[in-house]
>>> print(open('entry.tsv').read())   # TSV, C-alpha atoms
chain	number	residue	atom	x	y	z
I	19	MET	CA	-1.98	-25.66	19.78
I	20	TYR	CA	-0.71	-22.19	19.00
I	21	SER	CA	-4.15	-20.78	18.39
I	22	GLU	CA	-5.31	-22.09	21.76
I	23	VAL	CA	-2.65	-20.06	23.52
I	24	ARG	CA	-3.72	-16.93	21.66
I	25	TYR	CA	-7.34	-17.61	22.48
I	26	ILE	CA	-6.66	-17.46	26.21
I	27	GLU	CA	-4.81	-14.17	25.75
I	28	VAL	CA	-7.73	-12.67	23.88
I	29	LYS	CA	-10.24	-13.83	26.47
I	30	GLN	CA	-8.26	-12.04	29.14
I	31	SER	CA	-8.02	-8.82	27.21
I	32	GLY	CA	-11.72	-8.21	27.73
I	33	GLY	CA	-14.69	-7.25	25.61
I	34	PHE	CA	-13.92	-3.67	24.61
I	35	MET	CA	-11.28	-4.59	22.05
I	36	ASP	CA	-13.50	-7.28	20.62
I	37	SER	CA	-16.32	-4.91	19.74
I	38	LYS	CA	-13.89	-2.50	18.08
I	39	ILE	CA	-12.30	-5.31	16.07
I	40	ARG	CA	-15.75	-6.59	15.18
I	41	ARG	CA	-16.74	-3.21	13.81
I	42	ILE	CA	-13.63	-3.11	11.61
I	43	TYR	CA	-13.85	-6.66	10.29
I	44	VAL	CA	-17.55	-7.51	10.08
I	45	PRO	CA	-18.29	-7.22	7.20
I	46	MET	CA	-14.86	-7.58	5.64
I	47	THR	CA	-13.56	-7.32	2.10
I	48	GLU	CA	-13.64	-10.39	-0.12
I	49	SER	CA	-9.82	-10.55	-0.07
I	50	GLY	CA	-9.84	-10.27	3.72
I	51	PHE	CA	-12.33	-13.09	4.05
I	52	TYR	CA	-10.39	-15.48	1.83
I	53	ILE	CA	-7.09	-14.67	3.52
I	54	LEU	CA	-8.53	-15.32	6.98
I	55	PHE	CA	-10.28	-18.45	5.73
I	56	CYS	CA	-7.09	-19.88	4.22
I	57	LEU	CA	-5.16	-19.20	7.41
I	58	GLN	CA	-7.05	-21.91	9.25
I	59	GLN	CA	-3.95	-23.79	8.07
I	60	PRO	CA	-0.46	-22.23	8.41
I	61	GLN	CA	0.37	-20.52	5.13
I	62	HIS	CA	2.50	-17.73	3.65
I	63	GLY	CA	1.35	-14.78	1.53
I	64	TYR	CA	1.97	-16.13	-1.94
I	65	GLY	CA	0.64	-19.56	-0.94
I	66	ILE	CA	-2.63	-17.94	0.16
I	67	SER	CA	-2.93	-16.11	-3.14
I	68	GLN	CA	-2.44	-19.34	-5.11
I	69	GLN	CA	-5.03	-21.10	-2.97
I	70	VAL	CA	-7.55	-18.28	-3.44
I	71	LYS	CA	-6.96	-18.26	-7.18
I	72	GLN	CA	-7.82	-21.95	-7.24
I	73	MET	CA	-10.86	-21.59	-4.96
I	74	THR	CA	-12.36	-18.85	-7.14
I	75	GLY	CA	-11.50	-20.34	-10.53
I	76	GLY	CA	-8.98	-17.55	-11.16
I	77	ASP	CA	-11.52	-14.77	-10.55
I	78	LEU	CA	-9.93	-13.38	-7.43
I	79	VAL	CA	-6.24	-12.59	-7.65
I	80	ILE	CA	-5.08	-10.84	-4.50
I	81	GLY	CA	-2.31	-8.38	-5.34
I	82	ALA	CA	1.05	-8.44	-3.56
I	83	GLY	CA	0.46	-5.08	-1.88
I	84	THR	CA	-3.06	-5.97	-0.82
I	85	MET	CA	-1.80	-9.31	0.55
I	86	TYR	CA	1.02	-7.80	2.58
I	87	GLY	CA	-1.16	-4.94	3.84
I	88	THR	CA	-3.96	-7.28	4.94
I	89	LEU	CA	-1.59	-9.72	6.64
I	90	SER	CA	0.19	-7.00	8.61
I	91	LYS	CA	-3.08	-5.36	9.64
I	92	MET	CA	-4.62	-8.66	10.73
I	93	GLU	CA	-1.47	-9.56	12.64
I	94	LYS	CA	-1.49	-6.20	14.41
I	95	ASP	CA	-5.16	-6.66	15.34
I	96	GLY	CA	-4.49	-10.17	16.64
I	97	LEU	CA	-6.64	-12.03	14.09
I	98	ILE	CA	-3.66	-14.01	12.85
I	99	ALA	CA	-0.25	-14.74	14.30
I	100	PHE	CA	3.19	-15.51	12.97
I	101	VAL	CA	3.89	-19.23	13.37
I	102	ARG	CA	7.31	-19.92	11.87
I	103	GLU	CA	9.55	-19.18	8.92
I	104	GLU	CA	9.94	-21.52	5.98
I	105	GLU	CA	12.43	-20.81	3.19
I	106	LYS	CA	12.59	-17.13	4.15
I	107	ARG	CA	8.79	-16.86	4.08
I	108	LYS	CA	6.70	-15.98	7.11
I	109	LEU	CA	3.92	-18.43	7.86
I	110	TYR	CA	0.80	-17.17	9.60
I	111	GLN	CA	-2.15	-18.89	11.24
I	112	ILE	CA	-5.52	-17.79	12.54
I	113	THR	CA	-5.88	-17.01	16.27
I	114	GLY	CA	-8.83	-17.54	18.58
I	115	LEU	CA	-10.02	-13.99	17.98
I	116	GLY	CA	-9.57	-14.47	14.23
I	117	ALA	CA	-11.62	-17.66	14.34
I	118	GLU	CA	-14.41	-15.83	16.19
I	119	ILE	CA	-14.47	-13.07	13.58
I	120	LEU	CA	-14.39	-15.62	10.77
I	121	SER	CA	-17.38	-17.51	12.16
I	122	LEU	CA	-19.31	-14.23	12.55
I	123	GLU	CA	-18.58	-13.45	8.91
I	124	ILE	CA	-19.60	-16.93	7.79
I	125	ARG	CA	-22.89	-16.60	9.67
I	126	ARG	CA	-23.51	-13.20	8.10
I	127	ILE	CA	-22.76	-14.50	4.60
I	128	GLU	CA	-24.95	-17.56	5.16
I	129	ARG	CA	-27.85	-15.34	6.11
I	130	LEU	CA	-27.19	-13.12	3.10
I	131	TYR	CA	-27.14	-16.16	0.84
I	132	LYS	CA	-30.36	-17.61	2.28
I	133	ASN	CA	-32.15	-14.30	2.00
I	134	SER	CA	-31.00	-13.89	-1.58
I	135	LYS	CA	-32.60	-17.27	-2.36
I	136	GLY	CA	-35.77	-16.34	-0.50
I	137	GLU	CA	-35.19	-19.05	2.09
I	138	LYS	CA	-36.48	-18.87	5.64
I	139	ILE	CA	-34.10	-17.94	8.35
I	140	ASN	CA	-34.20	-19.65	11.71
I	141	GLU	CA	-31.72	-18.10	14.08
Q	13	MET	CA	29.32	-0.34	-21.52
Q	14	SER	CA	25.69	0.20	-22.31
Q	15	ASN	CA	24.10	3.51	-23.06
Q	16	ARG	CA	22.79	5.65	-20.24
Q	17	LYS	CA	20.70	8.75	-20.06
Q	18	THR	CA	19.45	10.96	-17.28
Q	19	MET	CA	16.09	12.64	-17.42
Q	20	ILE	CA	14.69	15.26	-15.09
Q	21	ARG	CA	11.06	14.91	-14.14
Q	22	PHE	CA	9.18	15.95	-11.08
Q	23	PHE	CA	6.30	13.85	-9.84
Q	24	THR	CA	4.65	14.84	-6.56
Q	25	ILE	CA	3.55	12.30	-3.98
Q	26	ALA	CA	0.13	12.33	-5.62
Q	27	ASP	CA	1.32	11.62	-9.17
Q	28	TYR	CA	2.47	8.04	-8.78
Q	29	GLU	CA	0.02	6.75	-11.39
Q	30	GLU	CA	1.41	9.18	-13.98
Q	31	GLU	CA	4.93	8.16	-13.04
Q	32	GLU	CA	4.09	4.47	-13.57
Q	33	ILE	CA	2.70	5.20	-17.03
Q	34	TRP	CA	5.70	7.34	-17.97
Q	35	LEU	CA	8.20	4.66	-16.88
Q	36	ARG	CA	6.30	2.02	-18.84
Q	37	GLU	CA	6.44	4.20	-21.96
Q	38	GLN	CA	10.19	4.69	-21.54
Q	39	HIS	CA	10.71	0.93	-21.29
Q	40	LYS	CA	8.64	0.43	-24.46
Q	41	LYS	CA	11.04	2.81	-26.17
Q	42	GLY	CA	14.02	0.78	-24.97
Q	43	TRP	CA	14.97	2.66	-21.81
Q	44	LYS	CA	14.77	0.85	-18.51
Q	45	LEU	CA	15.00	2.78	-15.28
Q	46	MET	CA	18.09	1.95	-13.24
Q	47	LYS	CA	17.63	4.26	-10.30
Q	48	THR	CA	16.44	7.66	-9.19
Q	49	ILE	CA	18.54	10.27	-7.44
Q	50	LEU	CA	16.62	12.75	-5.30
Q	51	PRO	CA	12.98	12.89	-6.31
Q	52	CYS	CA	13.66	14.27	-9.80
Q	53	PHE	CA	16.65	12.62	-11.54
Q	54	TYR	CA	15.87	9.42	-13.46
Q	55	ILE	CA	18.75	7.34	-14.74
Q	56	PHE	CA	17.92	4.98	-17.58
Q	57	GLU	CA	19.90	2.32	-19.36
Q	58	SER	CA	19.23	1.30	-22.94
Q	59	CYS	CA	17.60	-2.13	-23.32
Q	60	ALA	CA	15.51	-4.12	-25.75
Q	61	PRO	CA	12.09	-2.41	-26.05
Q	62	GLU	CA	9.57	-4.36	-24.01
Q	63	ASP	CA	6.16	-3.82	-22.45
Q	64	VAL	CA	6.92	-3.79	-18.74
Q	65	VAL	CA	4.47	-2.70	-16.04
Q	66	TYR	CA	5.85	-0.38	-13.37
Q	67	ARG	CA	4.23	-0.13	-9.94
Q	68	LEU	CA	5.04	2.15	-7.02
Q	69	ASP	CA	4.22	1.36	-3.42
Q	70	TYR	CA	4.61	3.82	-0.60
Q	71	LYS	CA	6.12	2.49	2.63
Q	72	ASN	CA	7.42	5.03	5.07
Q	73	ASN	CA	8.62	2.54	7.65
Q	74	THR	CA	11.48	0.25	6.70
Q	75	GLU	CA	9.98	-2.71	4.95
Q	76	ASP	CA	10.81	-6.13	6.40
Q	77	HIS	CA	12.25	-8.85	4.23
Q	78	ASP	CA	8.90	-10.63	4.14
Q	79	TYR	CA	7.41	-7.67	2.29
Q	80	LEU	CA	9.98	-7.95	-0.49
Q	81	GLN	CA	9.70	-11.75	-0.42
Q	82	ILE	CA	5.96	-11.58	-1.12
Q	83	PHE	CA	6.50	-9.18	-4.03
Q	84	HIS	CA	9.29	-11.42	-5.32
Q	85	ASP	CA	7.01	-14.48	-5.13
Q	86	TYR	CA	4.44	-12.60	-7.20
Q	87	GLY	CA	7.08	-12.04	-9.88
Q	88	TRP	CA	7.82	-8.38	-9.15
Q	89	GLU	CA	11.36	-7.12	-9.58
Q	90	TYR	CA	12.25	-4.62	-6.86
Q	91	PHE	CA	14.92	-2.26	-8.12
Q	92	ASN	CA	14.74	1.18	-6.55
Q	93	ARG	CA	13.75	3.11	-3.47
Q	94	SER	CA	13.27	6.85	-3.21
Q	95	VAL	CA	11.83	8.88	-0.32
Q	96	GLY	CA	9.41	6.23	0.84
Q	97	TRP	CA	8.55	4.95	-2.64
Q	98	LEU	CA	9.47	1.43	-3.66
Q	99	TYR	CA	9.72	0.71	-7.37
Q	100	PHE	CA	8.61	-2.61	-8.82
Q	101	ARG	CA	8.32	-3.87	-12.37
Q	102	LYS	CA	7.12	-6.97	-14.19
Q	103	PRO	CA	7.07	-7.77	-17.92
Q	104	VAL	CA	3.51	-7.91	-19.23
Q	105	SER	CA	4.33	-11.28	-20.82
Q	106	ASN	CA	4.82	-12.69	-17.30
Q	107	ALA	CA	1.36	-11.63	-16.17
Q	108	ASP	CA	-1.29	-14.26	-16.86
Q	109	THR	CA	-4.19	-11.89	-16.36
Q	110	GLU	CA	-4.67	-8.17	-16.08
Q	111	GLN	CA	-4.97	-8.60	-12.31
Q	112	ASP	CA	-1.44	-10.01	-12.21
Q	113	SER	CA	-0.10	-6.64	-13.27
Q	114	GLU	CA	-1.59	-4.84	-10.26
Q	115	ILE	CA	-0.12	-4.73	-6.77
Q	116	PHE	CA	-3.43	-3.74	-5.23
Q	117	SER	CA	-6.45	-5.85	-5.99
Q	118	ASP	CA	-9.13	-3.94	-4.15
Q	119	ASP	CA	-10.02	-0.32	-3.53
Q	120	ALA	CA	-9.75	-0.69	0.23
Q	121	SER	CA	-6.01	-1.30	-0.05
Q	122	ARG	CA	-5.56	1.53	-2.57
Q	123	VAL	CA	-7.26	3.91	-0.14
Q	124	ASP	CA	-5.01	2.55	2.64
Q	125	MET	CA	-1.96	3.56	0.63
Q	126	VAL	CA	-3.28	7.09	0.06
Q	127	ASN	CA	-4.00	7.42	3.78
Q	128	HIS	CA	-0.50	6.19	4.54
Q	129	ILE	CA	0.94	8.88	2.23
Q	130	VAL	CA	-1.14	11.60	3.88
Q	131	LYS	CA	-0.31	10.51	7.42
Q	132	THR	CA	3.43	9.88	7.10
Q	133	HIS	CA	4.41	12.23	4.30
Q	134	MET	CA	2.03	15.12	3.92
Q	135	LEU	CA	1.30	15.84	7.58
Q	136	PRO	CA	5.01	16.00	8.54
Q	137	LEU	CA	5.51	18.43	5.65
Q	138	LEU	CA	2.63	20.55	6.92
Q	139	VAL	CA	4.20	20.60	10.36
Q	140	THR	CA	7.54	21.69	8.86
Q	141	PHE	CA	5.69	24.36	6.99
Q	142	PHE	CA	4.03	25.90	10.02
Q	143	ALA	CA	6.89	25.30	12.43
Q	144	CYS	CA	9.85	26.43	10.30
Q	145	LEU	CA	9.08	28.07	7.01
Q	146	LEU	CA	6.24	30.35	8.05
Q	147	PRO	CA	7.91	31.86	11.18
Q	148	ASN	CA	11.11	32.44	9.19
Q	149	PHE	CA	9.16	34.14	6.45
Q	150	ILE	CA	7.44	36.47	8.92
Q	151	ARG	CA	10.74	37.18	10.67
Q	152	SER	CA	12.47	38.05	7.39
Q	153	VAL	CA	9.65	40.36	6.34
Q	154	GLU	CA	9.85	42.19	9.66
Q	155	GLY	CA	13.64	41.98	9.84
Q	156	SER	CA	15.92	44.93	9.15
Q	157	HIS	CA	19.36	43.41	8.74
Q	158	PRO	CA	21.17	43.82	5.36
Q	159	PHE	CA	20.12	40.45	3.92
Q	160	ALA	CA	16.50	40.65	5.01
Q	161	ASP	CA	15.29	41.36	1.49
Q	162	VAL	CA	17.19	38.43	0.03
Q	163	PHE	CA	15.74	36.12	2.65
Q	164	THR	CA	12.27	37.49	2.06
Q	165	VAL	CA	12.56	36.65	-1.64
Q	166	ILE	CA	13.91	33.14	-0.94
Q	167	PHE	CA	11.25	32.42	1.63
Q	168	SER	CA	8.51	33.81	-0.62
Q	169	VAL	CA	9.54	31.47	-3.41
Q	170	LEU	CA	9.73	28.50	-1.03
Q	171	LEU	CA	6.40	29.47	0.46
Q	172	LEU	CA	4.75	29.63	-2.95
Q	173	ILE	CA	6.20	26.26	-4.00
Q	174	TYR	CA	5.05	24.72	-0.75
Q	175	LEU	CA	1.58	26.18	-1.04
Q	176	TYR	CA	1.26	25.02	-4.64
Q	177	LEU	CA	2.37	21.50	-3.73
Q	178	PHE	CA	-0.03	21.30	-0.78
Q	179	VAL	CA	-3.00	22.41	-2.82
Q	180	HIS	CA	-2.05	20.18	-5.74
Q	181	CYS	CA	-1.39	17.09	-3.61
Q	182	GLY	CA	-4.34	17.69	-1.32
Q	183	PHE	CA	-6.78	17.86	-4.21
Q	184	LYS	CA	-5.16	15.05	-6.14
Q	185	LEU	CA	-5.06	12.64	-3.20
Q	186	ARG	CA	-8.69	13.38	-2.42
Q	187	MET	CA	-9.57	12.78	-6.03
Q	188	LEU	CA	-7.67	9.49	-6.03
Q	189	LYS	CA	-9.53	8.36	-2.92
Q	190	LYS	CA	-12.84	9.22	-4.58
Q	191	LYS	CA	-11.78	7.30	-7.66
Q	192	TYR	CA	-11.04	4.32	-5.44
Q	193	GLY	CA	-14.57	4.57	-4.09
Q	194	ASP	CA	-13.90	6.08	-0.70
Q	195	ASN	CA	-16.43	8.79	0.11
Q	196	ARG	CA	-15.43	9.54	3.67
>>> encode(input="entry.tsv", output="structure tokens")
Amino acid sequence: MYSEVRYIEVKQSGGFMDSKIRRIYVPMTESGFYILFCLQQPQHGYGISQQVKQMTGGDLVIGAGTMYGTLSKMEKDGLIAFVREEEKRKLYQITGLGAEILSLEIRRIERLYKNSKGEKINE
Amino acid sequence: MSNRKTMIRFFTIADYEEEEIWLREQHKKGWKLMKTILPCFYIFESCAPEDVVYRLDYKNNTEDHDYLQIFHDYGWEYFNRSVGWLYFRKPVSNADTEQDSEIFSDDASRVDMVNHIVKTHMLPLLVTFFACLLPNFIRSVEGSHPFADVFTVIFSVLLLIYLYLFVHCGFKLRMLKKKYGDNR
């Protein structure tokens, strides 16, 4: 429900901001991608890092500084929003704008993957 | 009461990696850092020798409690703050992998920290330099009152220290950014 509210806000803010945000975040760093991906569910910083560790078989450990920096930048840019606090930890969730950026990234990575396998692309 | 010692060291804003290594070595020798006073006095307390990783993060704005909470969740002990630098440490035995002993896991965030240092620490110092120190220096050189010479000497020394620090930090921070893979 929360993300729907944000989505309307973003739609009203017009297209200029979107293209700037798009330039910053597409493509994004691997850490950035996983953080945004995990925030499709409300989660806090350390929780995200544990989830990412699991998803990547322990290969990607997002450092505390990187985690905090990415979360605050994404919040400032409106990709994620603060939802509530749980046991002194801030929980974030993806916004409408964040979801748009995430799907752009997923499409880009899909194309990259297909090309790397020599598959045909039909867009 | 346990043993204490004070050491004097000066690390510039661009020498944080050296400072981390030095603090780790001290802890291995059985001296854990309690706090710093001004940027150059380090107060240690004797402890059991242990391999403990030290990490410094630069945050000019006041950090919110969530920042410290995240570091705490990751197993970092926050114990000191000095002119924008926050000091963290974690015993190596508590780190499962080498990555667990880093606070930054990609170069993008390391470059972000360097940029943050330049923007909120170095630029204000440059402004102070041109707005205060330099005009005072020129005035004291041209001045004719009895203490003009004394002031000229003081300002010359300050000017030289400032210039040295700017050149040193400027080069070092650029080098660090290059090392982190930023070629802008």
>>> atom_distance(input="entry.tsv", atom1="CA of Leu115 (chain I)", atom2="CA of Lys91 (chain I)")
13.9 Å
>>> interface_residues(input="entry.tsv", of="chain I", to="chain Q", cutoff="6 Å", atoms="all atoms listed in the file", output="list of chain:residue names")
I:Ile80, I:Gly81, I:Ala82, I:Gly83, I:Thr84
>>> write_last_selection(input="entry.tsv", atoms="C-alpha atoms", output="PDB file, in the frame of the given file")
ATOM      1  CA  ILE I  80      -5.080 -10.840  -4.500  1.00  0.00           C
ATOM      2  CA  GLY I  81      -2.310  -8.380  -5.340  1.00  0.00           C
ATOM      3  CA  ALA I  82       1.050  -8.440  -3.560  1.00  0.00           C
ATOM      4  CA  GLY I  83       0.460  -5.080  -1.880  1.00  0.00           C
ATOM      5  CA  THR I  84      -3.060  -5.970  -0.820  1.00  0.00           C
TER       6      THR I  84
END
>>> residues_around(input="entry.tsv", residues="Glu57 (chain Q)", least_positions_apart="6", cutoff="10 Å", atoms="all atoms listed in the file", output="list in words")
Ser14, Asn15, Arg16, Lys17, Thr18, His39, Gly42, Trp43, Lys44, Leu45, Met46 and Lys47 of chain Q
>>> closest_residue(input="entry.tsv", among="Q:Phe100, Q:Asn148, Q:Asn92, Q:Glu37", to="Tyr66 (chain Q)", atoms="all atoms listed in the file")
Q:Phe100
>>> atom_distance(input="entry.tsv", atom1="CA of Gly114 (chain I)", atom2="CA of Ile53 (chain I)")
15.4 Å
>>> atom_distance(input="entry.tsv", atom1="CA of Ile98 (chain I)", atom2="CA of Asp76 (chain Q)")
17.7 Å
>>> closest_residue(input="entry.tsv", among="Q:Glu154, Q:Phe159, Q:Phe141, Q:Thr132", to="Ile173 (chain Q)", atoms="all atoms listed in the file")
Q:Phe141
>>> closest_residue(input="entry.tsv", among="I:Tyr86, I:Phe100, I:Tyr131, I:Phe51", to="Tyr64 (chain I)", atoms="all atoms listed in the file")
I:Tyr86
>>> closest_residue(input="entry.tsv", among="I:Leu120, I:Glu93, I:Ser134, I:Gly87", to="Lys71 (chain Q)", atoms="all atoms listed in the file")
I:Gly87
>>> closest_residue(input="entry.tsv", among="Q:Val165, Q:Cys181, Q:Ile33, Q:Ala160", to="Met134 (chain Q)", atoms="only C-alpha atoms")
Q:Cys181
>>> closest_residue(input="entry.tsv", among="Q:Leu145, Q:Ser152, Q:Pro136, Q:His157", to="Leu172 (chain Q)", atoms="only C-alpha atoms")
Q:Leu145
>>> decode(input="entry.tsv", residues="region 48-141 of chain I", atoms="C-alpha atoms", output="PDB file, in the first residue's frame")
ATOM      1  CA  GLU I  48      26.001  -5.378  -7.779  1.00  0.00           C
ATOM      2  CA  SER I  49      25.452  -4.364  -4.136  1.00  0.00           C
ATOM      3  CA  GLY I  50      22.948  -1.724  -5.227  1.00  0.00           C
ATOM      4  CA  PHE I  51      21.014  -4.225  -7.295  1.00  0.00           C
ATOM      5  CA  TYR I  52      20.746  -6.791  -4.511  1.00  0.00           C
ATOM      6  CA  ILE I  53      19.752  -4.171  -1.947  1.00  0.00           C
ATOM      7  CA  LEU I  54      16.977  -2.821  -4.167  1.00  0.00           C
ATOM      8  CA  PHE I  55      15.891  -6.346  -5.058  1.00  0.00           C
ATOM      9  CA  CYS I  56      15.639  -7.409  -1.407  1.00  0.00           C
ATOM     10  CA  LEU I  57      13.632  -4.316  -0.538  1.00  0.00           C
ATOM     11  CA  GLN I  58      10.642  -5.598  -2.470  1.00  0.00           C
ATOM     12  CA  GLN I  59       9.862  -6.786   1.068  1.00  0.00           C
ATOM     13  CA  PRO I  60      10.337  -4.467   4.078  1.00  0.00           C
ATOM     14  CA  GLN I  61      13.777  -5.123   5.531  1.00  0.00           C
ATOM     15  CA  HIS I  62      16.550  -3.490   7.570  1.00  0.00           C
ATOM     16  CA  GLY I  63      20.220  -3.094   6.650  1.00  0.00           C
ATOM     17  CA  TYR I  64      21.697  -6.107   8.378  1.00  0.00           C
ATOM     18  CA  GLY I  65      18.747  -8.275   7.314  1.00  0.00           C
ATOM     19  CA  ILE I  66      19.425  -7.371   3.676  1.00  0.00           C
ATOM     20  CA  SER I  67      23.081  -8.285   4.042  1.00  0.00           C
ATOM     21  CA  GLN I  68      22.198 -11.701   5.491  1.00  0.00           C
ATOM     22  CA  GLN I  69      19.716 -12.315   2.688  1.00  0.00           C
ATOM     23  CA  VAL I  70      22.264 -11.347   0.023  1.00  0.00           C
ATOM     24  CA  LYS I  71      24.894 -13.570   1.608  1.00  0.00           C
ATOM     25  CA  GLN I  72      22.464 -16.473   1.317  1.00  0.00           C
ATOM     26  CA  MET I  73      21.408 -15.629  -2.250  1.00  0.00           C
ATOM     27  CA  THR I  74      25.016 -15.527  -3.460  1.00  0.00           C
ATOM     28  CA  GLY I  75      26.318 -18.520  -1.513  1.00  0.00           C
ATOM     29  CA  GLY I  76      28.436 -16.228   0.670  1.00  0.00           C
ATOM     30  CA  ASP I  77      30.186 -14.593  -2.301  1.00  0.00           C
ATOM     31  CA  LEU I  78      28.754 -11.138  -1.833  1.00  0.00           C
ATOM     32  CA  VAL I  79      29.078  -9.658   1.629  1.00  0.00           C
ATOM     33  CA  ILE I  80      27.918  -6.049   1.629  1.00  0.00           C
ATOM     34  CA  GLY I  81      29.942  -4.050   4.159  1.00  0.00           C
ATOM     35  CA  ALA I  82      28.273  -1.974   6.872  1.00  0.00           C
ATOM     36  CA  GLY I  83      29.464   1.318   5.387  1.00  0.00           C
ATOM     37  CA  THR I  84      28.450   0.352   1.871  1.00  0.00           C
ATOM     38  CA  MET I  85      25.038  -0.770   3.156  1.00  0.00           C
ATOM     39  CA  TYR I  86      24.336   2.422   5.076  1.00  0.00           C
ATOM     40  CA  GLY I  87      25.643   4.629   2.257  1.00  0.00           C
ATOM     41  CA  THR I  88      23.531   2.882  -0.378  1.00  0.00           C
ATOM     42  CA  LEU I  89      20.383   2.929   1.755  1.00  0.00           C
ATOM     43  CA  SER I  90      20.668   6.635   2.523  1.00  0.00           C
ATOM     44  CA  LYS I  91      21.414   7.522  -1.094  1.00  0.00           C
ATOM     45  CA  MET I  92      18.512   5.440  -2.399  1.00  0.00           C
ATOM     46  CA  GLU I  93      16.193   6.950   0.203  1.00  0.00           C
ATOM     47  CA  LYS I  94      17.260  10.464  -0.768  1.00  0.00           C
ATOM     48  CA  ASP I  95      16.660   9.677  -4.450  1.00  0.00           C
ATOM     49  CA  GLY I  96      13.225   8.218  -3.684  1.00  0.00           C
ATOM     50  CA  LEU I  97      13.980   4.639  -4.773  1.00  0.00           C
ATOM     51  CA  ILE I  98      13.191   3.303  -1.323  1.00  0.00           C
ATOM     52  CA  ALA I  99      11.297   4.697   1.629  1.00  0.00           C
ATOM     53  CA  PHE I 100      11.355   4.284   5.376  1.00  0.00           C
ATOM     54  CA  VAL I 101       8.418   2.117   6.447  1.00  0.00           C
ATOM     55  CA  ARG I 102       8.662   1.647  10.211  1.00  0.00           C
ATOM     56  CA  GLU I 103      11.041   0.911  13.041  1.00  0.00           C
ATOM     57  CA  GLU I 104      11.480  -2.526  14.550  1.00  0.00           C
ATOM     58  CA  GLU I 105      13.706  -3.107  17.576  1.00  0.00           C
ATOM     59  CA  LYS I 106      15.552   0.174  16.952  1.00  0.00           C
ATOM     60  CA  ARG I 107      16.185  -0.779  13.318  1.00  0.00           C
ATOM     61  CA  LYS I 108      14.850   1.189  10.382  1.00  0.00           C
ATOM     62  CA  LEU I 109      12.904  -0.866   7.872  1.00  0.00           C
ATOM     63  CA  TYR I 110      12.858   0.248   4.248  1.00  0.00           C
ATOM     64  CA  GLN I 111      10.809  -0.759   1.237  1.00  0.00           C
ATOM     65  CA  ILE I 112      10.989  -0.113  -2.484  1.00  0.00           C
ATOM     66  CA  THR I 113       8.901   2.740  -3.952  1.00  0.00           C
ATOM     67  CA  GLY I 114       7.193   2.997  -7.322  1.00  0.00           C
ATOM     68  CA  LEU I 115      10.206   4.778  -8.782  1.00  0.00           C
ATOM     69  CA  GLY I 116      12.501   2.154  -7.260  1.00  0.00           C
ATOM     70  CA  ALA I 117      10.428  -0.624  -8.803  1.00  0.00           C
ATOM     71  CA  GLU I 118      10.665   1.063 -12.219  1.00  0.00           C
ATOM     72  CA  ILE I 119      14.447   1.319 -11.938  1.00  0.00           C
ATOM     73  CA  LEU I 120      14.678  -2.283 -10.739  1.00  0.00           C
ATOM     74  CA  SER I 121      12.693  -3.586 -13.705  1.00  0.00           C
ATOM     75  CA  LEU I 122      14.880  -1.565 -16.102  1.00  0.00           C
ATOM     76  CA  GLU I 123      17.941  -3.149 -14.520  1.00  0.00           C
ATOM     77  CA  ILE I 124      16.442  -6.630 -14.704  1.00  0.00           C
ATOM     78  CA  ARG I 125      15.665  -6.138 -18.395  1.00  0.00           C
ATOM     79  CA  ARG I 126      19.206  -4.919 -19.028  1.00  0.00           C
ATOM     80  CA  ILE I 127      20.729  -7.882 -17.179  1.00  0.00           C
ATOM     81  CA  GLU I 128      18.440 -10.323 -18.991  1.00  0.00           C
ATOM     82  CA  ARG I 129      19.597  -8.970 -22.320  1.00  0.00           C
ATOM     83  CA  LEU I 130      23.210  -9.145 -21.172  1.00  0.00           C
ATOM     84  CA  TYR I 131      22.719 -12.743 -20.086  1.00  0.00           C
ATOM     85  CA  LYS I 132      21.016 -13.768 -23.341  1.00  0.00           C
ATOM     86  CA  ASN I 133      23.704 -12.120 -25.427  1.00  0.00           C
ATOM     87  CA  SER I 134      26.420 -13.809 -23.412  1.00  0.00           C
ATOM     88  CA  LYS I 135      24.801 -17.167 -24.251  1.00  0.00           C
ATOM     89  CA  GLY I 136      24.446 -16.222 -27.915  1.00  0.00           C
ATOM     90  CA  GLU I 137      20.663 -16.313 -27.691  1.00  0.00           C
ATOM     91  CA  LYS I 138      18.388 -14.268 -29.915  1.00  0.00           C
ATOM     92  CA  ILE I 139      16.854 -11.172 -28.520  1.00  0.00           C
ATOM     93  CA  ASN I 140      13.277 -10.249 -29.296  1.00  0.00           C
ATOM     94  CA  GLU I 141      12.399  -6.907 -27.800  1.00  0.00           C
TER      95      GLU I 141
END
